[in-house]
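Dropping start.tsv in here (TSV, C-alpha atoms and all ligand atoms):
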```tsv
chain	number	residue	atom	x	y	z
A	1	MET	CA	-1.43	10.14	-30.73
A	2	GLN	CA	-4.78	10.57	-29.00
A	3	LEU	CA	-4.79	13.41	-26.44
A	4	THR	CA	-7.39	13.68	-23.68
A	5	ARG	CA	-7.72	16.73	-21.45
A	6	ILE	CA	-8.72	15.82	-17.91
A	7	GLY	CA	-9.88	17.77	-14.88
A	8	LEU	CA	-9.66	16.37	-11.35
A	9	ILE	CA	-11.84	17.18	-8.36
A	10	ARG	CA	-10.84	16.04	-4.90
A	11	CYS	CA	-12.21	16.01	-1.38
A	12	GLU	CA	-11.69	19.27	0.49
A	13	SER	CA	-11.37	17.38	3.75
A	14	ALA	CA	-8.90	14.78	2.44
A	15	MET	CA	-6.65	17.35	0.81
A	16	ARG	CA	-5.59	18.54	4.25
A	17	THR	CA	-3.65	15.31	4.70
A	18	CYS	CA	-3.17	13.98	1.15
A	19	PRO	CA	-0.86	15.65	-1.39
A	20	GLY	CA	-2.37	13.64	-4.24
A	21	THR	CA	0.59	11.32	-4.74
A	22	SER	CA	-1.46	8.24	-5.63
A	23	CYS	CA	-3.57	10.19	-8.10
A	24	PHE	CA	-0.50	11.54	-9.89
A	25	ARG	CA	1.12	8.10	-9.88
A	26	ALA	CA	-1.97	6.55	-11.45
A	27	ILE	CA	-1.93	9.23	-14.12
A	28	LYS	CA	1.77	8.71	-14.80
A	29	GLU	CA	1.56	4.90	-14.84
A	30	ARG	CA	-1.82	4.77	-16.59
A	31	SER	CA	-3.10	2.56	-13.78
A	32	GLY	CA	-6.43	2.44	-11.95
A	33	ASN	CA	-9.07	4.36	-13.85
A	34	PHE	CA	-6.41	5.85	-16.13
A	35	ALA	CA	-5.66	2.41	-17.63
A	36	PRO	CA	-7.90	3.11	-20.65
A	37	TYR	CA	-5.47	5.89	-21.62
A	38	SER	CA	-2.53	3.50	-21.93
A	39	GLY	CA	-0.40	4.55	-24.88
A	40	GLU	CA	-2.21	7.87	-25.10
A	41	GLU	CA	-1.42	11.39	-23.97
A	42	ILE	CA	-3.16	13.03	-21.02
A	43	ASP	CA	-3.20	16.75	-20.36
A	44	ILE	CA	-4.17	17.67	-16.81
A	45	ILE	CA	-6.18	20.87	-16.92
A	46	GLY	CA	-6.36	21.22	-13.14
A	47	MET	CA	-6.91	19.61	-9.76
A	48	ALA	CA	-9.56	21.41	-7.76
A	49	SER	CA	-11.23	20.97	-4.41
A	50	CYS	CA	-14.90	20.08	-4.11
A	51	GLY	CA	-15.18	23.09	-1.81
A	52	GLY	CA	-16.32	21.19	1.27
A	53	CYS	CA	-19.53	19.32	2.07
A	54	PRO	CA	-21.78	18.86	0.24
A	55	GLY	CA	-19.42	19.64	-2.63
A	56	ARG	CA	-20.42	23.26	-2.96
A	57	ASP	CA	-17.69	24.25	-5.45
A	58	ALA	CA	-17.63	21.03	-7.46
A	59	VAL	CA	-19.89	22.03	-10.34
A	60	ARG	CA	-18.39	25.50	-10.62
A	61	GLN	CA	-14.85	24.08	-10.64
A	62	ALA	CA	-15.80	21.42	-13.18
A	63	LYS	CA	-17.38	24.02	-15.46
A	64	GLU	CA	-14.27	26.18	-15.22
A	65	MET	CA	-12.03	23.25	-16.12
A	66	VAL	CA	-14.31	22.41	-19.07
A	67	ARG	CA	-14.07	26.05	-20.16
A	68	ARG	CA	-10.30	25.58	-20.06
A	69	GLY	CA	-10.46	22.47	-22.22
A	70	ALA	CA	-11.29	19.51	-19.96
A	71	GLU	CA	-13.17	16.77	-21.82
A	72	VAL	CA	-13.71	14.50	-18.84
A	73	ILE	CA	-13.82	15.08	-15.08
A	74	PHE	CA	-12.38	12.55	-12.63
A	75	LEU	CA	-13.55	12.50	-9.03
A	76	SER	CA	-10.51	11.45	-7.01
A	77	THR	CA	-10.57	8.23	-5.03
A	78	CYS	CA	-10.89	10.28	-1.82
A	79	MET	CA	-14.42	11.07	-3.07
A	80	THR	CA	-15.42	7.50	-3.90
A	81	LYS	CA	-13.81	5.39	-1.17
A	82	PRO	CA	-12.97	5.92	2.51
A	83	ILE	CA	-9.38	6.75	1.49
A	84	PRO	CA	-7.31	8.34	3.01
A	85	SER	CA	-9.77	8.72	5.86
A	86	GLU	CA	-13.24	7.58	6.83
A	87	PRO	CA	-16.10	8.09	6.33
A	88	ALA	CA	-16.57	7.88	2.56
A	89	CYS	CA	-18.16	10.88	0.89
A	90	ARG	CA	-21.95	10.69	1.02
A	91	TYR	CA	-22.38	13.14	-1.84
A	92	SER	CA	-20.14	11.86	-4.62
A	93	GLU	CA	-22.89	10.30	-6.76
A	94	GLU	CA	-24.97	13.45	-6.46
A	95	ILE	CA	-21.94	15.60	-7.28
A	96	ALA	CA	-21.11	13.46	-10.32
A	97	GLY	CA	-24.67	13.74	-11.58
A	98	ALA	CA	-24.68	17.51	-11.17
A	99	ILE	CA	-21.38	17.80	-13.06
A	100	ARG	CA	-22.62	15.60	-15.90
A	101	LYS	CA	-25.79	17.68	-16.15
A	102	ASN	CA	-24.30	21.15	-15.76
A	103	ALA	CA	-20.82	20.82	-17.24
A	104	GLY	CA	-21.86	18.44	-20.01
A	105	VAL	CA	-18.93	16.06	-19.77
A	106	PRO	CA	-18.45	12.45	-18.59
A	107	VAL	CA	-17.44	11.90	-14.97
A	108	VAL	CA	-15.19	9.02	-13.89
A	109	MET	CA	-15.63	7.80	-10.32
A	110	GLY	CA	-12.19	7.42	-8.74
A	111	THR	CA	-8.60	7.72	-9.86
A	112	HIS	CA	-6.31	4.98	-8.49
A	201	LIG	S1	-18.59	16.66	-0.19
A	201	LIG	FE1	-17.49	14.71	-0.14
A	201	LIG	S2	-15.63	15.13	-1.26
A	201	LIG	FE2	-16.45	17.14	-0.61
A	201	LIG	S3	-15.53	17.59	1.45
A	201	LIG	FE3	-17.49	16.54	1.79
A	201	LIG	S4	-16.86	14.36	2.02
A	201	LIG	FE4	-15.16	15.41	0.97
```

How does this structure look as structure tokens?
Amino acid sequence: MQLTRIGLIRCESAMRTCPGTSCFRAIKERSGNFAPYSGEEIDIIGMASCGGCPGRDAVRQAKEMVRRGAEVIFLSTCMTKPIPSEPACRYSEEIAGAIRKNAGVPVVMGTH
């Protein structure tokens, strides 16, 4: 069975109120942006914070998860939509680009 190792990065601000339940449910149910992994195995390498605006730890955390085996980085939905609180992150596209460039792996925008 195909196995994909995934690293997650989430919003530092949102993590104060969100325990990540919807992200973990999407992983478990292979829903949302995890639907392409239906019938496949997923190994979660880690779930790290972006480090606060403007995502100052995101690239470092992504690189560390890649060093530990991550093949793809997901930015959690809290980084791509105004969920669980407004406003939406203004830096997520920039963060994703920096991760792609510096960590050398694909980045998926959003989880559930
Ligand atoms: S950079 Fe974006 S994801 Fe990180 S704390 Fe700021 S708003 Fe949240």

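Residues of protein, DNA or RNA lying at most 9 Å from ligand LIG 201 (chain A), when only C-alpha atoms and all ligand atoms are considered, are Ile9, Arg10, Cys11, Glu12, Ser13, Ala14, Met15, Ser49, Cys50, Gly51, Gly52, Cys53, Pro54, Gly55, Arg56, Asp57, Ala58, Leu75, Ser76, Cys78, Met79, Thr80, Pro87, Ala88, Cys89, Arg90, Tyr91, Ser92 and Ile95 of chain A.
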
Inset, instruction - For each of A:Ile83, A:Ile6, A:Met1, A:Met47, take the minimum atom-to-atom distance to Pro106 in chain A, counting only C-alpha atoms, then give the residue where this is smallest. - result: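 Using only C-alpha atoms, the shortest distance to Pro106 in chain A belongs to A:Ile6.
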
Inset, instruction - Quick one: everything within 12 Å of Gly46 in chain A, counting only C-alpha atoms, minus sequence neighbours fewer than 5 positions away in the same chain. Send it as an MDAnalysis selection string. - result: chainID A and resid 5:10 24 61:74

Inset, instruction - Fewer than 5 positions away in the same chain doesn't count, so skip those; otherwise give me all residues within 10 Å of Tyr37 in chain A, counting all atoms listed in the file, as a PyMOL selection string. - result: chain A and resi 2-4+27+29-31+42

Inset, instruction - Work out how far CA of Phe34 in chain A is from CA of Pro84 in chain A, in Å to one decimal. - result: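 CA of Pro84 in chain A sits 19.3 Å away from CA of Phe34 in chain A.
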
Inset, instruction - Calculate how many Å separate CA of Gly110 in chain A from CA of Cys23 in chain A, rounding to one decimal. - result: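 Pair CA of Gly110 in chain A / CA of Cys23 in chain A returns 9.1 Å.
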
Inset, instruction - Go through A:Arg16, A:Thr77, A:Ala98, A:Ala48 and flag the residue nearest Gly32 in chain A, using all atoms listed in the file for the distances. - result: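 For Gly32 in chain A, the nearest of the candidates is A:Thr77.
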
Inset, instruction - To one decimal in Å, tell me the separation between CA of His112 in chain A and CA of Arg25 in chain A. - result: 8.2 Å
